[in-house]
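**Q** I'd like to ask you about the structure that follows.
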Amino acid sequence: MAVPLMQGSHQACHAVRELDVFKRTSEIKVDPDKPLEGVRLVTLQARKTLLVPTPRLRTGLFNKIVPPPGATKEILRICATSQGVKDYSVPIGLDAKVQVDLVVVGSVAVSEKGWRIGKGEGFADMEYAMMMSMGAIREDTPVVTIVHDCQVVDIAEELLDDHDLTVDYILTPTRTIKTGCKRPKPQGIIWHKISYEMLERIPILKNLRYREKQAGKDVILKDEHPDFPNARKPADSDENAKTGNTKLQTESTSAQIGQHHVGNDSLSTKSETHGALTTVYVGNIPPGTRVSELKSALREFHASPLRLSWQGAQGRAFLDYTDKMTAESVVSSLKGLSLRGQTLRVEMAKNQRNKGQVEINGQRNKYE
């Protein structure tokens with residue numbers, strides 16, 4: 001189900017300028033739906049910071065739209081489109097100090113009480129919950145939706161769940177409705193409603209779950225819950241069992257000073273040396289970090305490598321994987337990962353070479 005295009009969307013979108021909550025804001029998150037293009041344009045014209053969720057949350061949470069210096073009205077119009085989001089945006093990491101003052105979402109239907117029905121995929125609800133988890137919004141951050149008059153209907157409260165997002169303002173081509181909604185909005189991610197399948201589909205969820213687990217919060221997933229049929233064990237138990245059966249050893253042969261090779265000896269030497277391994281570079285590792293901290297994070301994200309080369313003194317490490325597809329999946333999963341409060345730089349190593357030789361910024365790192 002899609003958020004419907006509507007006649008009068010231009011008037012409804014531009015009506016947002018008259019809201020006091022819009023006038024007071026500096027950072028606004030607007031969904032990427034086509035009917036909200038006018039809101040994105042108005043936001044840019046007002047020289048406010050515009051944040052747009054990444055499509056289906058595949059590569060992160062936000063993109064910040066950055067028009068070029070001296071952008072004309074036509075360029076701003078392009079920036080507000082889906083193509084503009086691709087051409088004029090920069091990703092915003094989890095550690096960015098984002099403070100969203102206003103949230104604008106699309107809706108399929110909404111009631112005057114502020115109860116909302118979305119496209120049925122739950123992305124707006126999830127985005128709101130993730131923003132709460134990362135401290136990007138407050139409980140009183142207003143939520144606006146823009147719809148046609150015919151989309152304002154009665155909605156039975158029984159249709160709502162505790163993760164569903166409600167709205168404070170409804171803008172239509174003819175009306176501005178302040179809902180006065182008292183129903184609580186999501187206070188964060190409800191982990192027992194998140195499945196393993198969703199966790200794999202939205203990599204940034206893994207990062208948020210890891211952070212909340214480190215903070216001592218309950219992050220048991222739907223699939224792990226005792227009431228769920230064929231419930232799986234929590235991920236940390238699974239990983240501890242795996243690592244108990246997998247011996248990690250430090251290889252000192254041809255190691256440089258301050259560099260350690262951690263290999264998985266359950267894999268044969270033959271499988272390691274035949275063909276080219278694919279290497280992932282991990283940089284910006286905080287001083288004093290132990291290799292065990294990185295390995296623990298990798299296990300948590302189901303990203304344990306064939307071999308790990310640790311260069312803690314230089315603030316970096318190299319991870320070997322058997323093929324490019326696995327390595328690219330790891331890079332996606334670890335996007336935004338932080339250790340000791342510092343976001344790591346995770347990317348494919350440049351100039352991949354056979355037998356694990358890689359080159360980063362002109363320096364060759366030889367594993368064998």
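The chains in the structure tokens are called A, B, ... from first to last as shown; in each chain the residues are counted from 1, and the ligands are counted from 1 in the order shown.
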Would you mind writing down, as number ranges by chain, each residue of segment 36-262 of chain A that DSSP on the backbone assigns to helix (DSSP H, G or I)?

**A** A: 36-45, 55-57, 73-79, 82-87, 123-133, 149-151, 157-159, 191-193, 196-201, 203-214, 222-224, 235-245

**Q** Using only C-alpha atoms, which residues of segment 79-111 of chain A come within 7 Å of segment 335-345 of chain A, and what is the closest atom pair for each, with the distance in Å to one decimal? Give it as a Markdown table, sorted by chain and residue number.

**A**
```
| residue | atom | partner | partner_atom | distance |
| --- | --- | --- | --- | --- |
| A:Gly93 | CA | A:Gly336 | CA | 5.7 |
| A:Leu94 | CA | A:Gly336 | CA | 5.8 |
| A:Asp95 | CA | A:Thr343 | CA | 6.8 |
```

**Q** Which of these residues is nearest to Val152 of chain A, using only C-alpha atoms: A:Val108, A:Leu51, A:Ala349, A:Val98?

**A** A:Val108

**Q** Fewer than 2 positions away in the same chain doesn't count, so skip those; otherwise give me all residues within 7 Å of segment 79-90 of chain A, counting only C-alpha atoms, as a PyMOL selection string.

**A** chain A and resi 32+37+40-41+63-67+75-77+92

**Q** Atoms to include: N, CA, C and O atoms. Write the selected residues as a tab-separated table (two decimals), in the first residue's frame.

**A**
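As written to disk, part34.tsv reads:
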```
chain	number	residue	atom	x	y	z
A	32	PRO	N	10.13	10.39	2.77
A	32	PRO	CA	10.47	10.57	1.35
A	32	PRO	C	9.31	10.40	0.38
A	32	PRO	O	9.51	10.39	-0.83
A	37	GLU	N	6.64	16.07	-1.00
A	37	GLU	CA	7.68	16.83	-1.71
A	37	GLU	C	7.57	18.32	-1.41
A	37	GLU	O	8.58	19.02	-1.24
A	40	ARG	N	9.12	19.22	1.92
A	40	ARG	CA	10.59	19.24	1.84
A	40	ARG	C	11.06	20.54	1.19
A	40	ARG	O	12.05	21.13	1.62
A	41	LEU	N	10.34	20.98	0.15
A	41	LEU	CA	10.71	22.22	-0.51
A	41	LEU	C	10.56	23.42	0.43
A	41	LEU	O	11.46	24.27	0.53
A	63	ASN	N	19.35	10.81	5.84
A	63	ASN	CA	20.20	11.57	4.94
A	63	ASN	C	19.88	13.04	5.18
A	63	ASN	O	18.71	13.43	5.29
A	64	LYS	N	20.91	13.85	5.27
A	64	LYS	CA	20.74	15.29	5.40
A	64	LYS	C	20.85	15.92	4.02
A	64	LYS	O	21.83	15.69	3.30
A	65	ILE	N	19.84	16.68	3.62
A	65	ILE	CA	19.85	17.31	2.30
A	65	ILE	C	20.69	18.58	2.38
A	65	ILE	O	20.44	19.46	3.22
A	66	VAL	N	21.71	18.65	1.52
A	66	VAL	CA	22.63	19.79	1.52
A	66	VAL	C	22.62	20.43	0.14
A	66	VAL	O	23.35	20.01	-0.76
A	67	PRO	N	21.80	21.45	-0.05
A	67	PRO	CA	21.79	22.13	-1.35
A	67	PRO	C	23.14	22.80	-1.62
A	67	PRO	O	23.84	23.20	-0.68
A	75	ILE	N	16.93	24.60	-8.26
A	75	ILE	CA	17.80	23.60	-7.62
A	75	ILE	C	17.17	23.13	-6.31
A	75	ILE	O	17.18	21.93	-6.00
A	76	LEU	N	16.60	24.05	-5.53
A	76	LEU	CA	15.93	23.65	-4.29
A	76	LEU	C	14.76	22.73	-4.60
A	76	LEU	O	14.50	21.76	-3.86
A	77	ARG	N	14.06	23.00	-5.69
A	77	ARG	CA	12.94	22.15	-6.08
A	77	ARG	C	13.43	20.73	-6.39
A	77	ARG	O	12.80	19.74	-6.01
A	92	ILE	N	23.78	10.57	7.78
A	92	ILE	CA	23.95	10.99	9.18
A	92	ILE	C	24.10	9.73	10.03
A	92	ILE	O	23.23	8.87	10.04
```

**Q** Could you jot down the atom CA of Ala109 of chain A to atom CA of Val167 of chain A separation for me, Å, one decimal place?

**A**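 Taking atom CA of Ala109 of chain A and atom CA of Val167 of chain A, their separation equals 11.4 Å.
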
**Q** Within 8 Å of Ala136 of chain A, counting only C-alpha atoms, which residues show up once you throw out same-chain ones fewer than 6 positions away? Write them as an MDAnalysis selection string, please.

**A** chainID A and resid 97:100

**Q** My list of candidates is A:Val110, A:Ile28, A:Val52, A:Val330. Which is closest to Ile146 of chain A when distances are computed with only C-alpha atoms?

**A**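 So, comparing all the options, the nearest one is A:Val110.
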
**Q** Based on the backbone DSSP call, show me all residues of segment 37-218 of chain A assigned strand (DSSP E), as a VMD selection string.

**A** chain A and resid 49 to 53 62 to 65 89 to 92 102 to 105 109 to 110 116 to 117 143 to 146 169 to 171 176 to 178

**Q** Save the residues we just selected, C-alpha atoms, as a PDB file, in the first residue's frame?

**A**
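Output file again-v9.pdb follows:
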```pdb
ATOM      1  CA  THR A  49      17.868  21.500   8.219  1.00  0.00           C
ATOM      2  CA  LEU A  50      16.041  18.779   6.271  1.00  0.00           C
ATOM      3  CA  LEU A  51      16.497  15.134   7.220  1.00  0.00           C
ATOM      4  CA  VAL A  52      14.998  12.389   5.059  1.00  0.00           C
ATOM      5  CA  PRO A  53      14.970   8.692   6.055  1.00  0.00           C
ATOM      6  CA  PHE A  62      18.852   9.676   7.897  1.00  0.00           C
ATOM      7  CA  ASN A  63      20.197  11.571   4.940  1.00  0.00           C
ATOM      8  CA  LYS A  64      20.738  15.294   5.400  1.00  0.00           C
ATOM      9  CA  ILE A  65      19.847  17.313   2.304  1.00  0.00           C
ATOM     10  CA  SER A  89      22.446  14.415   0.553  1.00  0.00           C
ATOM     11  CA  VAL A  90      24.976  13.122   3.054  1.00  0.00           C
ATOM     12  CA  PRO A  91      24.358  10.240   5.475  1.00  0.00           C
ATOM     13  CA  ILE A  92      23.951  10.987   9.176  1.00  0.00           C
ATOM     14  CA  LEU A 102       9.376  18.357  13.979  1.00  0.00           C
ATOM     15  CA  VAL A 103       8.429  15.052  12.327  1.00  0.00           C
ATOM     16  CA  VAL A 104       6.342  14.962   9.144  1.00  0.00           C
ATOM     17  CA  VAL A 105       4.942  11.602   8.005  1.00  0.00           C
ATOM     18  CA  ALA A 109      -5.766   7.329   6.670  1.00  0.00           C
ATOM     19  CA  VAL A 110      -5.937   9.346   9.865  1.00  0.00           C
ATOM     20  CA  ARG A 116      -2.987   6.979  12.014  1.00  0.00           C
ATOM     21  CA  ILE A 117      -2.813   4.138   9.489  1.00  0.00           C
ATOM     22  CA  VAL A 143       4.250  14.925  14.566  1.00  0.00           C
ATOM     23  CA  VAL A 144       2.425  16.261  11.498  1.00  0.00           C
ATOM     24  CA  THR A 145       0.739  14.358   8.681  1.00  0.00           C
ATOM     25  CA  ILE A 146      -0.538  15.758   5.380  1.00  0.00           C
ATOM     26  CA  TYR A 169      -1.477  17.928  13.528  1.00  0.00           C
ATOM     27  CA  ILE A 170      -3.348  16.999  10.342  1.00  0.00           C
ATOM     28  CA  LEU A 171      -3.050  19.283   7.322  1.00  0.00           C
ATOM     29  CA  THR A 176      -5.637  22.389   9.827  1.00  0.00           C
ATOM     30  CA  ILE A 177      -6.593  19.980  12.604  1.00  0.00           C
ATOM     31  CA  LYS A 178      -4.897  20.011  15.999  1.00  0.00           C
TER      32      LYS A 178
END
```

**Q** With only C-alpha atoms as the atoms that count, which of A:Pro69, A:Ile78, A:Ala156, A:Thr174 lies nearest to His10 of chain A?

**A**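 Smallest distance to His10 of chain A is found for A:Thr174.
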
**Q** Let me make sure I understand: among A:Thr326, A:Glu127, A:Arg17, A:Val153, which one has the smallest atom-to-atom distance to Ser111 of chain A if we use only C-alpha atoms?

**A**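 Once distances to Ser111 of chain A are computed over only C-alpha atoms, the minimum belongs to A:Val153.
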
**Q** Calculated over only C-alpha atoms, which of the candidates A:Gln311, A:Thr141, A:Thr54, A:Thr172 has the smallest distance to Pro203 of chain A?

**A** A:Thr54

**Q** Nearest to Asp164 of chain A among A:Trp191, A:Tyr196, A:Tyr128, A:Trp310, with distances taken over only C-alpha atoms: which residue is it?

**A**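 Closest residue, counting only C-alpha atoms: A:Tyr128.
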